[in-house]
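Trainee: Quick one: the structure is below, and I'll ask about it shortly.
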Amino acid sequence: MPKEYLTYVRKYADLYEGERDIFIKDLTPGPRKYDTKQVRALVARSAENLPGADTLWVRSEMGVLDPKPWAIKILKELPDYVKGRPYTDVFSVMNK
Amino acid sequence: MKDLRHFIGQLEQNEELVRIKKEVDWDIELGAISRRVYDQYGPCLWFEKIKDYPQGYTVINGECGTWRRVAIAMGLDANTPLREIYEEYEKRIEGRVQPNIVDRKAAPCKENVFIGEQADIYRLPAPLIHEGDGGRYIGTWDAVITKDPETNWTNWGMYRFMIHNQNFLAGWPQTTSQFAMMLNEKYVPKNQPMPVALVIGSHPLDHMVATAPMRPGVNEAEVAGSLRGEPVDLVKCETSEIMVPANAEIIIEGEIPTDAIVPDGPFGEYPGFRSGTMAEGVAFRIKAITHRNNPILSMTALGAPVDDSSIAASLTAAVGMKLGLQRRGIDVTDVYVPPEGVTHLVIVGVRTGGIEVTKKVLDFFIARRVMVSKVIVVDKDVDVFDMKQWIHAFATKCHPGRSIVVEHFVGKSNALTPCYDAEERRILKGAFAAFDATWPLEWPKENIPPRATFKEIYSQETQDKVLAKWHEYGF
């Protein structure tokens, strides 16, 4: 039985097939549902392209669910967070 | 009134609270119920049995979601008129009551203490509030406490925080918030993590204070004491020097690393849309959790008004704005932030109007961070608390060609304002419009149109004559 995960992207088009580092939320029912981890994973648009993969649901920046899930195969777990200074995203865009 | 539990008793006495004994799922169901009740202007809800959690771990939603409940929190009669609530609040926040420092043994929030790996955030029934939210928001009706390491000034703010995982919360205090300023100015340069405490389920007025725009340096525990009419009991955190309300239900202690980012959002936010976009959020490393026996998790299922957020800000922001405008020398009669306008629309009454005064009002609102986007300035004869009066003034006295002043800016707007596009929200680009709904000062008095109401367009003699015969007309 494949596990189910959830991730968020600004736009659906931002998600591409192949290997990538990604934050995913574990959708296993129970008190730890939505627990987040950062992983290096293979993702594919369809489970047929990634046999044995788990299910990856995708929501947009506004929380809108893509009705067709992706497939994900976790290669390894990464640290809980990304290295970086808080608010850098805002400051960097503002300084452009 | 010492704490939330006492307040719950007061709400029950006033038939403002409903206990939900049926088991409810923390995953969407609890949020959906809460939102529907807000949509129907319903009562505060106390969820007594949460799926996946033991009996006694409960959630309360909507404790200050109506003016009646705010009045009760302030110890006033539930039916106190809105203007009187404003006046009482304005009077009390000018006062200061020193807090009591209590020993940890006397602090109910220390009845259960979990430090380090023992601090399991999943012990608490944090809800997934809206379908599609980026996570379980444990901090919605909270008070986030941080401390300036140089001046010891302690800031209370209300910022959203969601569970990232066992070790971290993810939060998104806006870049222009006092939280962000303290982090960026006092801790990042020294590369020191910023200690922080997330307070949940405190006295309702503590949370109101956390929403209030206070100037840096103001001791918000003292303000909360003045609002309550008695000192706030404070106790030191287990892992930092931060002082927290001793009677709060839950305290999550931690620190904000200066070199860590975790994804936050999206989240259905206070403007009434899921405009709280994804962001590279601050990482709140959990170091300890303390809570009372049978802890009550306070929350607000934020969304379209009216709810706790729009009510609280209507009061605390309006009074803060009024005092700020007065400090700038603007002769303000009243300021009203209609809850339906979710702090994006403000009504300012002035004794002397005109476009130049309206421009001064605009200058005040865009001086630093710009959370508001529209202000309507009305003459002193308009009751700002009466929506039909200020809508009438706006519709008729604001000249569409010469009474609207607009300013544009980057880097200080409200990233949650729904009408801004994604790029604007990301770079805090926005605009502010001031609508002058006052009569131009240069108009001769005899040329100002009199308002056609019974009291204003008829002479006193005519009014007296009509009123004297009122019953004779057959009414």
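In the structure tokens, chains take letters A, B, ... by order of appearance, with residues numbered from 1 within each chain and ligands from 1 in the order shown.
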Quick one: residues within 10 Å of Leu15 of chain A, only C-alpha atoms counted, chain neighbours fewer than 6 positions away excluded, as number ranges by chain?
Mentor: A: 7-9, 22, 43-45, 58, 70
Trainee: Could you please tell me, as number ranges by chain, which residues of chain B have an atom within 9 Å of chain A when using only C-alpha atoms?
Mentor: B: 26-27, 51-53, 122-125, 128, 131-136, 163-168, 174-175, 180, 183-184, 188, 257-263, 265-268, 274-283, 410-411, 426-429
Trainee: Please measure the separation of atom CA of Lys374 of chain B and atom CA of Ile391 of chain B, giving the value in Å to one decimal.
Mentor: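 Result for atom CA of Lys374 of chain B versus atom CA of Ile391 of chain B: 13.6 Å, one decimal.
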Trainee: With DSSP run on the backbone, what are the alpha helix (DSSP H) residues within segment 153-356 of chain B? I'd like them as number ranges by chain.
Mentor: B: 178-182, 204-211, 220-228, 308-327, 355-356
Trainee: For the structure I just gave you, how does DSSP split segment 203-373 of chain B - specifically, which residues are strand (DSSP E)? Reply as a JSON list (two decimals) with N, CA and C atoms, in the first residue's frame.
Mentor:
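File part-v7.json, as written:
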[["chain", "number", "residue", "atom", "x", "y", "z"],
["B", 233, "ASP", "N", -0.10, 37.76, 36.59],
["B", 233, "ASP", "CA", 0.93, 36.91, 37.19],
["B", 233, "ASP", "C", 1.86, 36.43, 36.09],
["B", 234, "LEU", "N", 3.15, 36.65, 36.27],
["B", 234, "LEU", "CA", 4.13, 36.21, 35.28],
["B", 234, "LEU", "C", 5.07, 35.19, 35.90],
["B", 235, "VAL", "N", 5.55, 34.27, 35.09],
["B", 235, "VAL", "CA", 6.51, 33.28, 35.55],
["B", 235, "VAL", "C", 7.58, 33.11, 34.47],
["B", 236, "LYS", "N", 8.78, 32.80, 34.92],
["B", 236, "LYS", "CA", 9.89, 32.68, 33.96],
["B", 236, "LYS", "C", 9.80, 31.36, 33.18],
["B", 243, "MET", "N", 9.39, 36.08, 30.39],
["B", 243, "MET", "CA", 8.34, 35.93, 31.38],
["B", 243, "MET", "C", 7.00, 35.74, 30.66],
["B", 244, "VAL", "N", 6.24, 34.77, 31.11],
["B", 244, "VAL", "CA", 4.97, 34.45, 30.45],
["B", 244, "VAL", "C", 3.83, 34.46, 31.47],
["B", 245, "PRO", "N", 2.60, 34.67, 31.01],
["B", 245, "PRO", "CA", 1.46, 34.64, 31.95],
["B", 245, "PRO", "C", 1.35, 33.28, 32.64],
["B", 250, "ILE", "N", -1.18, 26.94, 27.88],
["B", 250, "ILE", "CA", -0.07, 26.25, 27.21],
["B", 250, "ILE", "C", 1.02, 27.26, 26.88],
["B", 251, "ILE", "N", 2.27, 26.87, 27.14],
["B", 251, "ILE", "CA", 3.42, 27.68, 26.73],
["B", 251, "ILE", "C", 4.33, 26.79, 25.89],
["B", 252, "ILE", "N", 4.66, 27.26, 24.71],
["B", 252, "ILE", "CA", 5.66, 26.56, 23.90],
["B", 252, "ILE", "C", 6.90, 27.44, 23.88],
["B", 253, "GLU", "N", 7.98, 26.93, 24.43],
["B", 253, "GLU", "CA", 9.22, 27.70, 24.50],
["B", 253, "GLU", "C", 10.15, 27.25, 23.38],
["B", 254, "GLY", "N", 10.91, 28.21, 22.89],
["B", 254, "GLY", "CA", 11.84, 27.84, 21.83],
["B", 254, "GLY", "C", 12.75, 28.97, 21.46],
["B", 255, "GLU", "N", 13.33, 28.85, 20.28],
["B", 255, "GLU", "CA", 14.21, 29.90, 19.79],
["B", 255, "GLU", "C", 14.11, 29.96, 18.27],
["B", 256, "ILE", "N", 14.42, 31.13, 17.74],
["B", 256, "ILE", "CA", 14.40, 31.32, 16.29],
["B", 256, "ILE", "C", 15.86, 31.35, 15.82],
["B", 260, "ALA", "N", 18.06, 29.46, 9.60],
["B", 260, "ALA", "CA", 17.16, 28.36, 9.23],
["B", 260, "ALA", "C", 15.86, 28.90, 8.66],
["B", 261, "ILE", "N", 15.40, 28.25, 7.62],
["B", 261, "ILE", "CA", 14.14, 28.62, 6.97],
["B", 261, "ILE", "C", 13.30, 27.36, 6.81],
["B", 262, "VAL", "N", 12.03, 27.48, 7.11],
["B", 262, "VAL", "CA", 11.10, 26.37, 6.86],
["B", 262, "VAL", "C", 9.87, 26.92, 6.14],
["B", 263, "PRO", "N", 9.24, 26.12, 5.31],
["B", 263, "PRO", "CA", 8.09, 26.64, 4.57],
["B", 263, "PRO", "C", 6.90, 26.89, 5.50],
["B", 264, "ASP", "N", 6.25, 28.02, 5.28],
["B", 264, "ASP", "CA", 5.04, 28.35, 6.04],
["B", 264, "ASP", "C", 3.90, 28.61, 5.04],
["B", 279, "ALA", "N", 5.49, 31.12, 2.20],
["B", 279, "ALA", "CA", 6.66, 31.98, 2.43],
["B", 279, "ALA", "C", 7.78, 31.13, 3.00],
["B", 280, "GLU", "N", 8.97, 31.67, 2.90],
["B", 280, "GLU", "CA", 10.10, 31.05, 3.58],
["B", 280, "GLU", "C", 10.00, 31.52, 5.02],
["B", 281, "GLY", "N", 9.37, 30.72, 5.84],
["B", 281, "GLY", "CA", 9.03, 31.14, 7.18],
["B", 281, "GLY", "C", 10.18, 31.03, 8.16],
["B", 282, "VAL", "N", 9.99, 31.68, 9.31],
["B", 282, "VAL", "CA", 10.98, 31.54, 10.37],
["B", 282, "VAL", "C", 10.78, 30.18, 11.03],
["B", 283, "ALA", "N", 11.89, 29.59, 11.44],
["B", 283, "ALA", "CA", 11.86, 28.27, 12.09],
["B", 283, "ALA", "C", 11.88, 28.48, 13.61],
["B", 284, "PHE", "N", 10.89, 27.95, 14.27],
["B", 284, "PHE", "CA", 10.76, 28.05, 15.74],
["B", 284, "PHE", "C", 11.19, 26.70, 16.29],
["B", 285, "ARG", "N", 12.42, 26.65, 16.82],
["B", 285, "ARG", "CA", 12.92, 25.38, 17.35],
["B", 285, "ARG", "C", 12.31, 25.17, 18.73],
["B", 286, "ILE", "N", 11.57, 24.08, 18.90],
["B", 286, "ILE", "CA", 10.86, 23.82, 20.16],
["B", 286, "ILE", "C", 11.85, 23.31, 21.20],
["B", 287, "LYS", "N", 11.89, 23.98, 22.35],
["B", 287, "LYS", "CA", 12.79, 23.55, 23.42],
["B", 287, "LYS", "C", 12.04, 23.02, 24.64],
["B", 288, "ALA", "N", 10.83, 23.49, 24.81],
["B", 288, "ALA", "CA", 10.04, 23.01, 25.96],
["B", 288, "ALA", "C", 8.57, 23.29, 25.73],
["B", 289, "ILE", "N", 7.75, 22.47, 26.34],
["B", 289, "ILE", "CA", 6.31, 22.71, 26.35],
["B", 289, "ILE", "C", 5.86, 22.57, 27.79],
["B", 290, "THR", "N", 5.13, 23.56, 28.27],
["B", 290, "THR", "CA", 4.52, 23.42, 29.59],
["B", 290, "THR", "C", 3.03, 23.68, 29.43],
["B", 291, "HIS", "N", 2.24, 22.98, 30.21],
["B", 291, "HIS", "CA", 0.80, 23.24, 30.13],
["B", 291, "HIS", "C", 0.08, 22.86, 31.42],
["B", 296, "ILE", "N", -6.43, 23.78, 27.60],
["B", 296, "ILE", "CA", -7.40, 24.27, 26.61],
["B", 296, "ILE", "C", -6.63, 25.05, 25.55],
["B", 297, "LEU", "N", -6.69, 24.56, 24.33],
["B", 297, "LEU", "CA", -5.98, 25.22, 23.24],
["B", 297, "LEU", "C", -6.90, 26.28, 22.64],
["B", 298, "SER", "N", -6.49, 27.55, 22.74],
["B", 298, "SER", "CA", -7.32, 28.63, 22.18],
["B", 298, "SER", "C", -6.97, 28.81, 20.71],
["B", 299, "MET", "N", -7.98, 29.08, 19.92],
["B", 299, "MET", "CA", -7.75, 29.24, 18.49],
["B", 299, "MET", "C", -8.81, 30.17, 17.90],
["B", 332, "VAL", "N", -8.65, 64.67, 15.88],
["B", 332, "VAL", "CA", -9.51, 63.52, 15.61],
["B", 332, "VAL", "C", -10.64, 63.45, 16.63],
["B", 333, "THR", "N", -11.85, 63.17, 16.15],
["B", 333, "THR", "CA", -12.95, 62.94, 17.09],
["B", 333, "THR", "C", -13.00, 61.46, 17.49],
["B", 334, "ASP", "N", -13.05, 60.60, 16.50],
["B", 334, "ASP", "CA", -13.08, 59.16, 16.74],
["B", 334, "ASP", "C", -12.46, 58.44, 15.56],
["B", 335, "VAL", "N", -12.01, 57.22, 15.81],
["B", 335, "VAL", "CA", -11.55, 56.35, 14.73],
["B", 335, "VAL", "C", -12.30, 55.03, 14.89],
["B", 336, "TYR", "N", -12.82, 54.55, 13.79],
["B", 336, "TYR", "CA", -13.51, 53.25, 13.82],
["B", 336, "TYR", "C", -12.94, 52.35, 12.74],
["B", 345, "LEU", "N", -9.92, 48.90, 6.04],
["B", 345, "LEU", "CA", -10.71, 50.11, 5.89],
["B", 345, "LEU", "C", -10.88, 50.77, 7.25],
["B", 346, "VAL", "N", -10.58, 52.07, 7.29],
["B", 346, "VAL", "CA", -10.66, 52.79, 8.56],
["B", 346, "VAL", "C", -11.48, 54.07, 8.35],
["B", 347, "ILE", "N", -12.29, 54.38, 9.33],
["B", 347, "ILE", "CA", -13.09, 55.61, 9.28],
["B", 347, "ILE", "C", -12.53, 56.57, 10.33],
["B", 348, "VAL", "N", -12.15, 57.74, 9.89],
["B", 348, "VAL", "CA", -11.57, 58.74, 10.80],
["B", 348, "VAL", "C", -12.47, 59.97, 10.82],
["B", 349, "GLY", "N", -12.91, 60.33, 12.00],
["B", 349, "GLY", "CA", -13.69, 61.56, 12.16],
["B", 349, "GLY", "C", -12.76, 62.69, 12.60],
["B", 350, "VAL", "N", -12.90, 63.84, 11.96],
["B", 350, "VAL", "CA", -12.04, 64.98, 12.32],
["B", 350, "VAL", "C", -12.90, 66.21, 12.61]]
Trainee: Enter the distance from atom CA of Val39 of chain A to atom CA of Pro69 of chain A, in Å, rounded to one decimal.
Mentor: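 Value for the atom CA of Val39 of chain A-atom CA of Pro69 of chain A distance: 17.9 Å.
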Trainee: Give me, as a PDB file with C-alpha atoms, in the first residue's frame, all polymer residues having an atom no more than 6 Å from segment 144-154 of chain B, counting only C-alpha atoms and skipping those fewer than 2 positions away in the same chain.
Mentor:
ATOM      1  CA  TRP B 156       3.821  40.622  22.828  1.00  0.00           C
ATOM      2  CA  GLY B 157       2.484  40.022  19.339  1.00  0.00           C
ATOM      3  CA  MET B 158      -0.100  37.825  17.722  1.00  0.00           C
ATOM      4  CA  VAL B 196      10.653  33.067  22.004  1.00  0.00           C
ATOM      5  CA  ALA B 197       7.580  31.873  23.877  1.00  0.00           C
ATOM      6  CA  LEU B 198       4.259  31.059  22.263  1.00  0.00           C
ATOM      7  CA  GLY B 217       9.362  49.933  24.815  1.00  0.00           C
TER       8      GLY B 217
END
Trainee: Find the residues around Pro449 of chain B up to 12 Å (only C-alpha atoms counted), leave out those fewer than 6 positions away in its own chain, and share them as a ChimeraX atom specification.
Mentor: /B:393,396-397,438-440,443,456-457
Trainee: Suppose we keep C-alpha atoms; can you now write the selection as a PDB file, in the first residue's frame?
Mentor:
ATOM      1  CA  ALA B 393     -20.961  60.680   3.812  1.00  0.00           C
ATOM      2  CA  THR B 396     -22.118  61.875  -1.289  1.00  0.00           C
ATOM      3  CA  LYS B 397     -19.326  64.100  -0.012  1.00  0.00           C
ATOM      4  CA  THR B 438     -15.497  66.192   4.477  1.00  0.00           C
ATOM      5  CA  TRP B 439     -16.691  69.511   3.141  1.00  0.00           C
ATOM      6  CA  PRO B 440     -13.951  71.624   1.530  1.00  0.00           C
ATOM      7  CA  TRP B 443     -16.597  76.596   0.724  1.00  0.00           C
ATOM      8  CA  GLU B 456     -30.570  69.025  10.695  1.00  0.00           C
ATOM      9  CA  ILE B 457     -32.673  70.525   7.923  1.00  0.00           C
TER      10      ILE B 457
END
Trainee: Can you tell me how far atom CA of Thr66 of chain B sits from atom CA of Asp307 of chain B, in Å to one decimal?
Mentor: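 Interatomic distance here is 7.1 Å.
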